[in-house]
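What follows is the content of target-v4.cif (mmCIF, C-alpha atoms).
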```cif
data_query
#
loop_
_atom_site.label_atom_id
_atom_site.label_comp_id
_atom_site.auth_asym_id
_atom_site.auth_seq_id
_atom_site.Cartn_x
_atom_site.Cartn_y
_atom_site.Cartn_z
CA ASP A 5 5.63 12.17 -4.82
CA ARG A 6 6.82 8.68 -5.72
CA LEU A 7 10.47 9.72 -5.37
CA VAL A 8 9.89 11.18 -1.88
CA ASN A 9 8.11 8.00 -0.83
CA SER A 10 10.99 5.91 -2.19
CA VAL A 11 13.50 7.93 -0.16
CA ILE A 12 11.40 7.51 2.99
CA GLN A 13 11.03 3.79 2.30
CA ALA A 14 14.81 3.42 1.87
CA SER A 15 15.44 5.31 5.10
CA LYS A 16 13.03 3.14 7.10
CA LYS A 17 14.37 -0.06 5.59
CA ILE A 18 17.97 0.91 6.41
CA LYS A 19 17.03 1.77 9.99
CA ASN A 20 15.08 -1.47 10.47
CA GLU A 21 17.33 -3.91 8.62
CA THR A 22 20.80 -2.67 9.57
CA GLU A 23 22.44 -1.48 12.77
CA ILE A 24 23.71 1.70 11.16
CA SER A 25 21.93 3.88 13.73
CA SER A 26 22.60 1.81 16.86
CA GLY A 27 24.73 2.89 19.80
CA ALA A 28 25.77 6.20 21.29
CA THR A 29 27.54 8.75 19.10
CA SER A 30 27.39 11.77 21.40
CA VAL A 31 29.17 12.06 24.71
CA SER A 32 25.89 13.12 26.33
CA PHE A 33 24.13 9.98 25.17
CA ALA A 34 27.16 7.77 25.91
CA SER A 35 27.25 9.09 29.49
CA VAL A 36 23.57 8.29 29.97
CA GLN A 37 24.04 4.81 28.50
CA TYR A 38 27.00 4.27 30.85
CA ILE A 39 24.89 5.34 33.84
CA ILE A 40 21.96 3.12 32.85
CA ARG A 41 24.24 0.08 32.36
CA ASN A 42 26.26 0.58 35.54
CA VAL A 43 23.84 1.90 38.16
CA GLU A 44 21.20 -0.47 39.51
CA ASP A 45 17.69 0.93 39.89
CA ILE A 46 18.70 4.18 38.17
CA GLY A 47 15.10 5.41 38.27
CA ASP A 48 15.31 5.59 42.08
CA LYS A 49 18.74 7.24 42.35
CA ASN A 50 19.53 10.90 42.97
CA ILE A 51 21.36 12.44 40.04
CA LEU A 52 23.11 15.80 40.28
CA LEU A 53 24.00 17.53 37.03
CA PHE A 54 26.59 20.26 37.62
CA GLY A 55 26.69 22.60 34.62
CA THR A 56 23.87 23.55 32.28
CA GLY A 57 25.75 24.41 29.10
CA LYS A 58 25.13 22.53 25.86
CA ILE A 59 26.56 19.19 27.06
CA GLY A 60 24.81 19.52 30.42
CA ARG A 61 21.45 20.27 28.79
CA ASN A 62 21.81 17.40 26.31
CA THR A 63 22.80 15.02 29.08
CA CYS A 64 19.83 16.13 31.17
CA GLU A 65 17.41 15.61 28.27
CA ASN A 66 18.84 12.14 27.63
CA LEU A 67 18.68 11.27 31.34
CA VAL A 68 15.03 12.29 31.56
CA LYS A 69 14.16 10.45 28.36
CA HIS A 70 16.06 7.20 28.92
CA SER A 71 16.43 6.71 32.67
CA LYS A 72 12.84 7.45 33.70
CA ASN A 73 14.36 9.24 36.69
CA GLY A 74 12.49 12.00 38.50
CA HIS A 75 15.33 12.78 40.93
CA ILE A 76 17.57 14.95 38.76
CA THR A 77 18.92 18.17 40.26
CA LEU A 78 20.56 20.82 38.10
CA VAL A 79 23.18 23.16 39.49
CA ASN A 80 24.82 25.88 37.42
CA ARG A 81 28.12 27.59 38.15
CA THR A 82 28.71 31.27 37.56
CA LYS A 83 31.43 33.49 38.99
CA ASN A 84 29.05 35.70 40.97
CA LYS A 85 27.30 32.66 42.50
CA ALA A 86 30.43 30.65 43.33
CA GLU A 87 30.36 31.15 47.10
CA LYS A 88 26.63 30.45 47.40
CA LEU A 89 27.05 27.45 45.18
CA ALA A 90 29.77 25.86 47.32
CA GLY A 91 27.32 25.40 50.23
CA LYS A 92 24.44 24.29 48.02
CA LEU A 93 26.62 21.86 46.09
CA ASN A 94 27.95 20.33 49.31
CA GLU A 95 24.36 19.75 50.53
CA GLU A 96 23.33 18.20 47.23
CA LEU A 97 26.39 15.94 47.07
CA GLN A 98 25.39 14.27 50.35
CA GLN A 99 22.17 13.03 48.70
CA THR A 100 23.64 12.24 45.29
CA ASP A 101 24.24 8.79 43.82
CA VAL A 102 25.44 9.99 40.40
CA LEU A 103 27.24 13.27 39.74
CA VAL A 104 27.61 14.50 36.17
CA VAL A 105 30.04 17.41 35.86
CA ALA A 106 29.76 19.45 32.66
CA THR A 107 31.13 22.85 33.60
CA GLY A 108 33.36 25.10 31.56
CA ALA A 109 35.72 25.95 34.40
CA LYS A 110 39.43 26.22 33.68
CA ASN A 111 40.31 24.41 36.92
CA PRO A 112 38.71 21.48 38.76
CA THR A 113 35.46 22.40 40.49
CA ILE A 114 35.17 19.09 42.34
CA ASP A 115 37.90 17.62 44.52
CA LYS A 116 38.13 15.26 47.48
CA THR A 117 37.86 18.08 50.04
CA LEU A 118 34.36 18.86 48.72
CA LEU A 119 33.19 15.26 49.06
CA ASN A 120 32.16 14.22 52.55
CA LEU A 121 30.39 11.06 51.46
CA LYS A 122 28.37 8.52 53.37
CA LYS A 123 27.55 6.36 50.33
CA PRO A 124 29.06 5.36 46.97
CA LEU A 125 29.21 8.00 44.25
CA LEU A 126 29.61 7.65 40.49
CA ILE A 127 31.14 10.79 38.94
CA LEU A 128 31.17 11.43 35.21
CA ASP A 129 33.38 14.34 34.16
CA LEU A 130 32.24 15.57 30.75
CA SER A 131 34.34 18.74 30.93
CA ILE A 132 37.33 19.92 28.92
CA PRO A 133 39.64 20.56 30.66
CA ARG A 134 38.83 18.08 33.41
CA ASN A 135 36.72 19.64 36.13
CA VAL A 136 37.00 16.78 38.60
CA ASN A 137 40.32 16.38 40.38
CA PRO A 138 41.56 12.76 40.11
CA ASP A 139 42.15 12.87 43.90
CA VAL A 140 38.44 12.02 44.36
CA GLU A 141 39.33 8.42 43.54
CA GLN A 142 41.20 8.25 46.86
CA ILE A 143 37.80 8.27 48.57
CA GLN A 144 36.37 4.80 49.11
CA GLY A 145 33.23 4.24 47.05
CA VAL A 146 33.96 6.91 44.44
CA THR A 147 34.13 5.91 40.78
CA LEU A 148 35.36 8.55 38.34
CA ILE A 149 34.68 8.22 34.63
CA HIS A 150 36.17 10.85 32.35
CA LEU A 151 35.13 12.18 28.97
CA ASP A 152 38.07 10.36 27.34
CA TYR A 153 36.56 6.98 28.24
CA LEU A 154 33.09 8.00 27.02
CA SER A 155 34.59 9.40 23.80
CA GLN A 156 36.14 5.98 23.16
CA ILE A 157 32.64 4.46 23.37
CA THR A 158 31.36 6.90 20.74
CA ASP A 159 34.40 6.24 18.50
CA ASP A 160 33.81 2.48 18.76
CA THR A 161 30.14 3.00 17.89
CA LEU A 162 31.02 4.98 14.77
CA GLU A 163 33.46 2.26 13.69
CA ARG A 164 30.77 -0.42 14.17
CA ARG A 165 28.29 1.68 12.19
CA LYS A 166 30.72 1.93 9.26
CA GLN A 167 30.51 -1.86 8.86
CA HIS A 168 26.80 -1.49 7.98
CA ILE A 169 27.33 1.03 5.17
CA PRO A 170 27.52 -1.62 2.40
CA ALA A 171 24.17 -3.11 3.49
CA ALA A 172 22.62 0.37 3.56
CA GLU A 173 24.00 1.14 0.11
CA ALA A 174 22.55 -2.15 -1.22
CA ILE A 175 19.11 -1.20 0.12
CA ILE A 176 19.39 2.21 -1.55
CA GLU A 177 20.36 0.56 -4.85
CA ASP A 178 17.34 -1.79 -4.63
CA ILE A 179 14.93 1.07 -3.96
CA LYS A 180 16.58 3.15 -6.71
CA LEU A 181 16.20 0.27 -9.16
CA GLU A 182 12.51 -0.10 -8.23
CA PHE A 183 11.98 3.61 -8.72
CA ASN A 184 13.79 3.71 -12.07
CA THR A 185 11.86 0.66 -13.26
CA TRP A 186 8.62 2.40 -12.31
#
```
Can you present the structure in this file as C-alpha coordinates?
Amino acid sequence: DRLVNSVIQASKKIKNETEISSGATSVSFASVQYIIRNVEDIGDKNILLFGTGKIGRNTCENLVKHSKNGHITLVNRTKNKAEKLAGKLNEELQQTDVLVVATGAKNPTIDKTLLNLKKPLLILDLSIPRNVNPDVEQIQGVTLIHLDYLSQITDDTLERRKQHIPAAEAIIEDIKLEFNTW
(Lines of atoms letter the chains of each structure in order from A and count residues from 1; the text may use other names and numbers.)
(Lines give C-alpha, C1' and ligand atoms only; values in the text may rest on other atoms or scores of the structure.)
Protein backbone atom coordinates (compact mmCIF):
# COMPACT_ATOMS: atom_id res chain seq x y z
CA ASP A 1 0.00 0.00 0.00
CA ARG A 2 2.80 2.39 0.93
CA LEU A 3 4.69 1.60 -2.29
CA VAL A 4 1.62 2.30 -4.46
CA ASN A 5 1.08 5.59 -2.66
CA SER A 6 4.74 6.51 -3.18
CA VAL A 7 4.45 5.85 -6.92
CA ILE A 8 1.30 7.98 -7.12
CA GLN A 9 2.99 10.73 -5.10
CA ALA A 10 6.01 10.69 -7.44
CA SER A 11 3.75 10.85 -10.49
CA LYS A 12 1.80 13.84 -9.15
CA LYS A 13 4.95 15.65 -8.08
CA ILE A 14 6.55 15.17 -11.51
CA LYS A 15 3.43 16.43 -13.26
CA ASN A 16 3.13 19.47 -10.97
CA GLU A 17 6.79 20.43 -10.62
CA THR A 18 8.12 19.79 -14.13
CA GLU A 19 6.88 20.50 -17.64
CA ILE A 20 7.39 16.91 -18.74
CA SER A 21 3.74 16.55 -19.77
CA SER A 22 3.21 19.97 -21.36
CA GLY A 23 2.50 20.60 -25.03
CA ALA A 24 0.98 18.62 -27.86
CA THR A 25 2.45 15.23 -28.75
CA SER A 26 -0.26 13.96 -31.09
CA VAL A 27 -1.11 15.46 -34.45
CA SER A 28 -4.77 15.57 -33.42
CA PHE A 29 -4.01 17.62 -30.34
CA ALA A 30 -1.44 19.78 -32.16
CA SER A 31 -4.03 20.63 -34.83
CA VAL A 32 -6.54 21.67 -32.17
CA GLN A 33 -3.91 23.77 -30.38
CA TYR A 34 -3.03 25.41 -33.72
CA ILE A 35 -6.70 26.21 -34.36
CA ILE A 36 -7.23 27.63 -30.87
CA ARG A 37 -4.11 29.83 -31.12
CA ASN A 38 -4.79 31.09 -34.64
CA VAL A 39 -8.56 31.49 -34.93
CA GLU A 40 -10.22 34.29 -32.98
CA ASP A 41 -13.45 33.44 -31.17
CA ILE A 42 -13.08 29.75 -32.05
CA GLY A 43 -16.13 28.89 -29.96
CA ASP A 44 -18.32 30.81 -32.44
CA LYS A 45 -16.78 29.47 -35.66
CA ASN A 46 -18.11 26.72 -37.91
CA ILE A 47 -15.74 23.77 -38.05
CA LEU A 48 -16.06 21.04 -40.65
CA LEU A 49 -14.23 17.78 -40.00
CA PHE A 50 -13.91 15.74 -43.19
CA GLY A 51 -13.03 12.14 -42.32
CA THR A 52 -13.99 10.16 -39.25
CA GLY A 53 -11.16 7.63 -39.01
CA LYS A 54 -8.90 7.46 -35.97
CA ILE A 55 -7.24 10.86 -36.51
CA GLY A 56 -10.58 12.48 -37.37
CA ARG A 57 -12.25 11.07 -34.25
CA ASN A 58 -9.35 12.10 -32.01
CA THR A 59 -9.32 15.58 -33.51
CA CYS A 60 -13.08 15.89 -33.01
CA GLU A 61 -12.82 14.81 -29.35
CA ASN A 62 -10.02 17.33 -28.76
CA LEU A 63 -11.97 20.09 -30.53
CA VAL A 64 -15.05 19.47 -28.41
CA LYS A 65 -13.01 19.29 -25.21
CA HIS A 66 -10.68 22.25 -25.75
CA SER A 67 -12.44 24.70 -28.07
CA LYS A 68 -15.84 24.76 -26.35
CA ASN A 69 -17.29 24.84 -29.87
CA GLY A 70 -20.80 23.58 -30.59
CA HIS A 71 -20.59 24.16 -34.36
CA ILE A 72 -18.65 21.09 -35.46
CA THR A 73 -19.93 19.17 -38.48
CA LEU A 74 -18.60 15.72 -39.33
CA VAL A 75 -18.57 14.43 -42.89
CA ASN A 76 -17.34 10.98 -43.82
CA ARG A 77 -16.18 9.84 -47.24
CA THR A 78 -16.94 6.41 -48.64
CA LYS A 79 -16.81 5.25 -52.24
CA ASN A 80 -20.55 4.56 -52.50
CA LYS A 81 -21.41 7.99 -51.06
CA ALA A 82 -18.91 10.03 -53.08
CA GLU A 83 -21.39 11.68 -55.44
CA LYS A 84 -23.87 12.54 -52.68
CA LEU A 85 -21.03 13.83 -50.59
CA ALA A 86 -19.75 16.24 -53.25
CA GLY A 87 -22.98 18.29 -53.04
CA LYS A 88 -23.21 18.11 -49.26
CA LEU A 89 -19.56 19.02 -48.81
CA ASN A 90 -19.91 22.02 -51.13
CA GLU A 91 -22.88 23.28 -49.06
CA GLU A 92 -21.00 22.80 -45.80
CA LEU A 93 -17.86 24.51 -47.10
CA GLN A 94 -19.80 27.74 -47.73
CA GLN A 95 -20.54 27.98 -43.98
CA THR A 96 -17.18 26.73 -42.73
CA ASP A 97 -14.47 28.80 -41.05
CA VAL A 98 -12.12 25.88 -40.31
CA LEU A 99 -11.83 22.72 -42.40
CA VAL A 100 -9.96 19.73 -40.99
CA VAL A 101 -9.31 17.05 -43.61
CA ALA A 102 -8.45 13.60 -42.24
CA THR A 103 -9.46 11.23 -45.00
CA GLY A 104 -7.63 8.16 -46.20
CA ALA A 105 -8.02 8.92 -49.90
CA LYS A 106 -5.13 8.18 -52.24
CA ASN A 107 -5.69 11.44 -54.15
CA PRO A 108 -6.69 14.94 -53.03
CA THR A 109 -10.35 15.22 -52.05
CA ILE A 110 -10.27 19.02 -51.75
CA ASP A 111 -9.07 21.35 -54.47
CA LYS A 112 -9.68 24.94 -55.56
CA THR A 113 -12.55 23.98 -57.89
CA LEU A 114 -14.51 22.72 -54.86
CA LEU A 115 -14.04 25.95 -52.93
CA ASN A 116 -16.39 28.77 -53.89
CA LEU A 117 -15.67 30.87 -50.83
CA LYS A 118 -17.15 34.10 -49.59
CA LYS A 119 -15.03 34.28 -46.43
CA PRO A 120 -11.58 33.23 -45.16
CA LEU A 121 -10.97 29.53 -44.60
CA LEU A 122 -8.31 27.76 -42.54
CA ILE A 123 -7.63 24.24 -43.85
CA LEU A 124 -5.67 21.66 -41.88
CA ASP A 125 -4.72 18.58 -43.90
CA LEU A 126 -4.00 15.72 -41.49
CA SER A 127 -3.96 13.11 -44.26
CA ILE A 128 -1.18 10.93 -45.64
CA PRO A 129 -0.87 11.26 -48.57
CA ARG A 130 -2.04 14.87 -48.73
CA ASN A 131 -5.75 15.11 -49.37
CA VAL A 132 -5.84 18.85 -50.02
CA ASN A 133 -4.42 20.05 -53.32
CA PRO A 134 -1.92 22.89 -52.75
CA ASP A 135 -3.79 24.85 -55.46
CA VAL A 136 -6.29 25.93 -52.76
CA GLU A 137 -3.70 28.47 -51.62
CA GLN A 138 -4.30 30.36 -54.87
CA ILE A 139 -7.67 31.39 -53.45
CA GLN A 140 -7.55 34.64 -51.49
CA GLY A 141 -8.29 34.08 -47.81
CA VAL A 142 -7.33 30.39 -47.74
CA THR A 143 -4.63 29.23 -45.33
CA LEU A 144 -3.43 25.65 -45.73
CA ILE A 145 -1.57 23.92 -42.91
CA HIS A 146 -0.28 20.42 -43.57
CA LEU A 147 0.46 17.50 -41.30
CA ASP A 148 4.21 18.04 -41.79
CA TYR A 149 4.03 21.41 -40.03
CA LEU A 150 1.92 20.01 -37.17
CA SER A 151 4.28 17.03 -36.85
CA GLN A 152 7.14 19.49 -36.36
CA ILE A 153 5.22 20.99 -33.41
CA THR A 154 4.89 17.54 -31.81
CA ASP A 155 8.59 16.78 -32.44
CA ASP A 156 9.58 20.09 -30.80
CA THR A 157 7.33 19.29 -27.83
CA LEU A 158 8.97 15.91 -27.33
CA GLU A 159 12.43 17.52 -27.46
CA ARG A 160 11.38 20.11 -24.85
CA ARG A 161 9.97 17.35 -22.65
CA LYS A 162 13.28 15.46 -22.75
CA GLN A 163 14.93 18.42 -21.00
CA HIS A 164 12.74 17.75 -17.94
CA ILE A 165 13.72 14.09 -17.55
CA PRO A 166 16.58 14.79 -15.09
CA ALA A 167 14.23 16.74 -12.80
CA ALA A 168 11.68 13.92 -12.97
CA GLU A 169 14.36 11.34 -12.19
CA ALA A 170 15.50 13.41 -9.18
CA ILE A 171 11.93 13.46 -7.84
CA ILE A 172 11.71 9.68 -8.27
CA GLU A 173 15.01 9.23 -6.42
CA ASP A 174 13.76 11.42 -3.53
CA ILE A 175 10.51 9.46 -3.22
CA LYS A 176 12.43 6.17 -3.52
CA LEU A 177 14.80 7.26 -0.76
CA GLU A 178 11.85 8.19 1.48
CA PHE A 179 10.24 4.83 0.82
CA ASN A 180 13.43 2.86 1.46
CA THR A 181 14.05 4.83 4.66
CA TRP A 182 10.53 3.99 5.80
Centre and edge lengths, as AutoDock Vina command-line options, for the axis-aligned box enclosing every listed atom of segment 152-155 of chain A with 4 Å of padding on each of the six sides, in Å to one decimal?
```
--center_x 35.6 --center_y 8.7 --center_z 26.0 --size_x 13.0 --size_y 11.4 --size_z 12.4
```
Hey, what's within 7 Å of Asn137 of chain A if we count only C-alpha atoms and toss same-chain stuff fewer than 6 positions away? As number ranges by chain, please?
A: 112, 114-115
Residues returned when the PyMOL selection byres ((chain A and resi 126) around 6) runs on this file, as a list in words
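So the PyMOL selection byres ((chain A and resi 126) around 6), applied here, picks out Val102, Leu125, Ile127, Val146 and Thr147 of chain A.
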Could you pull the residues within 12 Å of segment 156-163 of chain A, counting all atoms listed in the file, minus those fewer than 2 positions along the same chain, as a ChimeraX atom specification?
/A:23-38,149-154,165-169
Can those selected residues be exported to a file as a PDB file, keeping the file's coordinate frame so that it contains C-alpha atoms?
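The resulting selection_10.pdb:
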```pdb
ATOM      1  CA  GLU A  23      22.440  -1.480  12.770  1.00  0.00           C
ATOM      2  CA  ILE A  24      23.710   1.700  11.160  1.00  0.00           C
ATOM      3  CA  SER A  25      21.930   3.880  13.730  1.00  0.00           C
ATOM      4  CA  SER A  26      22.600   1.810  16.860  1.00  0.00           C
ATOM      5  CA  GLY A  27      24.730   2.890  19.800  1.00  0.00           C
ATOM      6  CA  ALA A  28      25.770   6.200  21.290  1.00  0.00           C
ATOM      7  CA  THR A  29      27.540   8.750  19.100  1.00  0.00           C
ATOM      8  CA  SER A  30      27.390  11.770  21.400  1.00  0.00           C
ATOM      9  CA  VAL A  31      29.170  12.060  24.710  1.00  0.00           C
ATOM     10  CA  SER A  32      25.890  13.120  26.330  1.00  0.00           C
ATOM     11  CA  PHE A  33      24.130   9.980  25.170  1.00  0.00           C
ATOM     12  CA  ALA A  34      27.160   7.770  25.910  1.00  0.00           C
ATOM     13  CA  SER A  35      27.250   9.090  29.490  1.00  0.00           C
ATOM     14  CA  VAL A  36      23.570   8.290  29.970  1.00  0.00           C
ATOM     15  CA  GLN A  37      24.040   4.810  28.500  1.00  0.00           C
ATOM     16  CA  TYR A  38      27.000   4.270  30.850  1.00  0.00           C
ATOM     17  CA  ILE A 149      34.680   8.220  34.630  1.00  0.00           C
ATOM     18  CA  HIS A 150      36.170  10.850  32.350  1.00  0.00           C
ATOM     19  CA  LEU A 151      35.130  12.180  28.970  1.00  0.00           C
ATOM     20  CA  ASP A 152      38.070  10.360  27.340  1.00  0.00           C
ATOM     21  CA  TYR A 153      36.560   6.980  28.240  1.00  0.00           C
ATOM     22  CA  LEU A 154      33.090   8.000  27.020  1.00  0.00           C
ATOM     23  CA  ARG A 165      28.290   1.680  12.190  1.00  0.00           C
ATOM     24  CA  LYS A 166      30.720   1.930   9.260  1.00  0.00           C
ATOM     25  CA  GLN A 167      30.510  -1.860   8.860  1.00  0.00           C
ATOM     26  CA  HIS A 168      26.800  -1.490   7.980  1.00  0.00           C
ATOM     27  CA  ILE A 169      27.330   1.030   5.170  1.00  0.00           C
TER      28      ILE A 169
END
```
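Omitting Leu121 of chain A and its sequence neighbours fewer than 2 positions away, and counting all atoms listed in the file, the residues within 12 Å are Asn94, Glu95, Glu96, Leu97, Gln98, Gln99, Thr100, Asp101, Lys116, Thr117, Leu118, Leu119, Lys123, Pro124, Leu125, Leu126, Val140, Ile143, Gln144, Gly145 and Val146 of chain A.
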Contacts of segment 53-62 of chain A at 7 Å or less, counting only C-alpha atoms, minus same-chain residues fewer than 6 places along, as a PyMOL selection string?
chain A and resi 32+77-81+103-107
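Considering only C-alpha atoms, the residue among A:Arg134, A:Lys17, A:Lys72, A:Arg164 positioned nearest to Ile46 of chain A is A:Lys72.
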Proximity to Ile132 of chain A - best of A:Asn120, A:Ile176, A:Asn20, A:Thr113, all atoms listed in the file
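Among the listed residues, the smallest separation from Ile132 of chain A belongs to A:Thr113.
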What does the distance between atom CA of Leu7 of chain A and atom CA of Leu181 of chain A come to in Å, to one decimal place?
11.7 Å
Determine the residue membership of the PyMOL selection byres ((chain A and resi 47) around 7) for the file above and supply it as an MDAnalysis selection string.
chainID A and resid 45:46 48:49 71:73
Check which residues satisfy the PyMOL selection byres ((chain A and resi 15) around 12) in the file shown, then give them as a ChimeraX atom specification.
/A:8-14,16-22,24-25,172-173,175-176,179
Restricting it to C-alpha atoms, dump the selection as a PDB file, in the frame of the given file.
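Final output, saved to result-v4.pdb:
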```
ATOM      1  CA  VAL A   8       9.890  11.180  -1.880  1.00  0.00           C
ATOM      2  CA  ASN A   9       8.110   8.000  -0.830  1.00  0.00           C
ATOM      3  CA  SER A  10      10.990   5.910  -2.190  1.00  0.00           C
ATOM      4  CA  VAL A  11      13.500   7.930  -0.160  1.00  0.00           C
ATOM      5  CA  ILE A  12      11.400   7.510   2.990  1.00  0.00           C
ATOM      6  CA  GLN A  13      11.030   3.790   2.300  1.00  0.00           C
ATOM      7  CA  ALA A  14      14.810   3.420   1.870  1.00  0.00           C
ATOM      8  CA  LYS A  16      13.030   3.140   7.100  1.00  0.00           C
ATOM      9  CA  LYS A  17      14.370  -0.060   5.590  1.00  0.00           C
ATOM     10  CA  ILE A  18      17.970   0.910   6.410  1.00  0.00           C
ATOM     11  CA  LYS A  19      17.030   1.770   9.990  1.00  0.00           C
ATOM     12  CA  ASN A  20      15.080  -1.470  10.470  1.00  0.00           C
ATOM     13  CA  GLU A  21      17.330  -3.910   8.620  1.00  0.00           C
ATOM     14  CA  THR A  22      20.800  -2.670   9.570  1.00  0.00           C
ATOM     15  CA  ILE A  24      23.710   1.700  11.160  1.00  0.00           C
ATOM     16  CA  SER A  25      21.930   3.880  13.730  1.00  0.00           C
ATOM     17  CA  ALA A 172      22.620   0.370   3.560  1.00  0.00           C
ATOM     18  CA  GLU A 173      24.000   1.140   0.110  1.00  0.00           C
ATOM     19  CA  ILE A 175      19.110  -1.200   0.120  1.00  0.00           C
ATOM     20  CA  ILE A 176      19.390   2.210  -1.550  1.00  0.00           C
ATOM     21  CA  ILE A 179      14.930   1.070  -3.960  1.00  0.00           C
TER      22      ILE A 179
END
```
Complete segment 104-119 of chain A with N, CA and C atoms (output as a tab-separated table (two decimals), in the coordinates of the input).
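The result, written out as result-v6.tsv:
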```
chain	number	residue	atom	x	y	z
A	104	VAL	N	27.13	14.23	37.52
A	104	VAL	CA	27.61	14.50	36.17
A	104	VAL	C	28.13	15.93	36.16
A	105	VAL	N	29.42	16.09	35.87
A	105	VAL	CA	30.04	17.41	35.86
A	105	VAL	C	30.27	17.84	34.42
A	106	ALA	N	29.64	18.95	34.04
A	106	ALA	CA	29.76	19.45	32.66
A	106	ALA	C	29.92	20.96	32.70
A	107	THR	N	30.90	21.41	33.48
A	107	THR	CA	31.13	22.85	33.60
A	107	THR	C	32.23	23.28	32.65
A	108	GLY	N	32.33	24.56	32.44
A	108	GLY	CA	33.36	25.10	31.56
A	108	GLY	C	34.49	25.74	32.32
A	109	ALA	N	34.67	25.35	33.57
A	109	ALA	CA	35.72	25.95	34.40
A	109	ALA	C	37.11	25.57	33.88
A	110	LYS	N	38.05	26.47	34.12
A	110	LYS	CA	39.43	26.22	33.68
A	110	LYS	C	40.18	25.31	34.65
A	111	ASN	N	39.69	25.24	35.88
A	111	ASN	CA	40.31	24.41	36.92
A	111	ASN	C	39.25	23.49	37.51
A	112	PRO	N	39.68	22.40	38.16
A	112	PRO	CA	38.71	21.48	38.76
A	112	PRO	C	37.75	22.19	39.73
A	113	THR	N	36.49	21.85	39.60
A	113	THR	CA	35.46	22.40	40.49
A	113	THR	C	35.08	21.40	41.58
A	114	ILE	N	35.45	20.15	41.38
A	114	ILE	CA	35.17	19.09	42.34
A	114	ILE	C	36.49	18.44	42.73
A	115	ASP	N	36.72	18.35	44.04
A	115	ASP	CA	37.90	17.62	44.52
A	115	ASP	C	37.52	16.88	45.79
A	116	LYS	N	38.47	16.12	46.35
A	116	LYS	CA	38.13	15.26	47.48
A	116	LYS	C	37.75	16.05	48.73
A	117	THR	N	38.22	17.29	48.86
A	117	THR	CA	37.86	18.08	50.04
A	117	THR	C	36.38	18.46	50.02
A	118	LEU	N	35.77	18.51	48.84
A	118	LEU	CA	34.36	18.86	48.72
A	118	LEU	C	33.45	17.67	49.02
A	119	LEU	N	33.99	16.47	48.90
A	119	LEU	CA	33.19	15.26	49.06
A	119	LEU	C	33.31	14.70	50.47
```
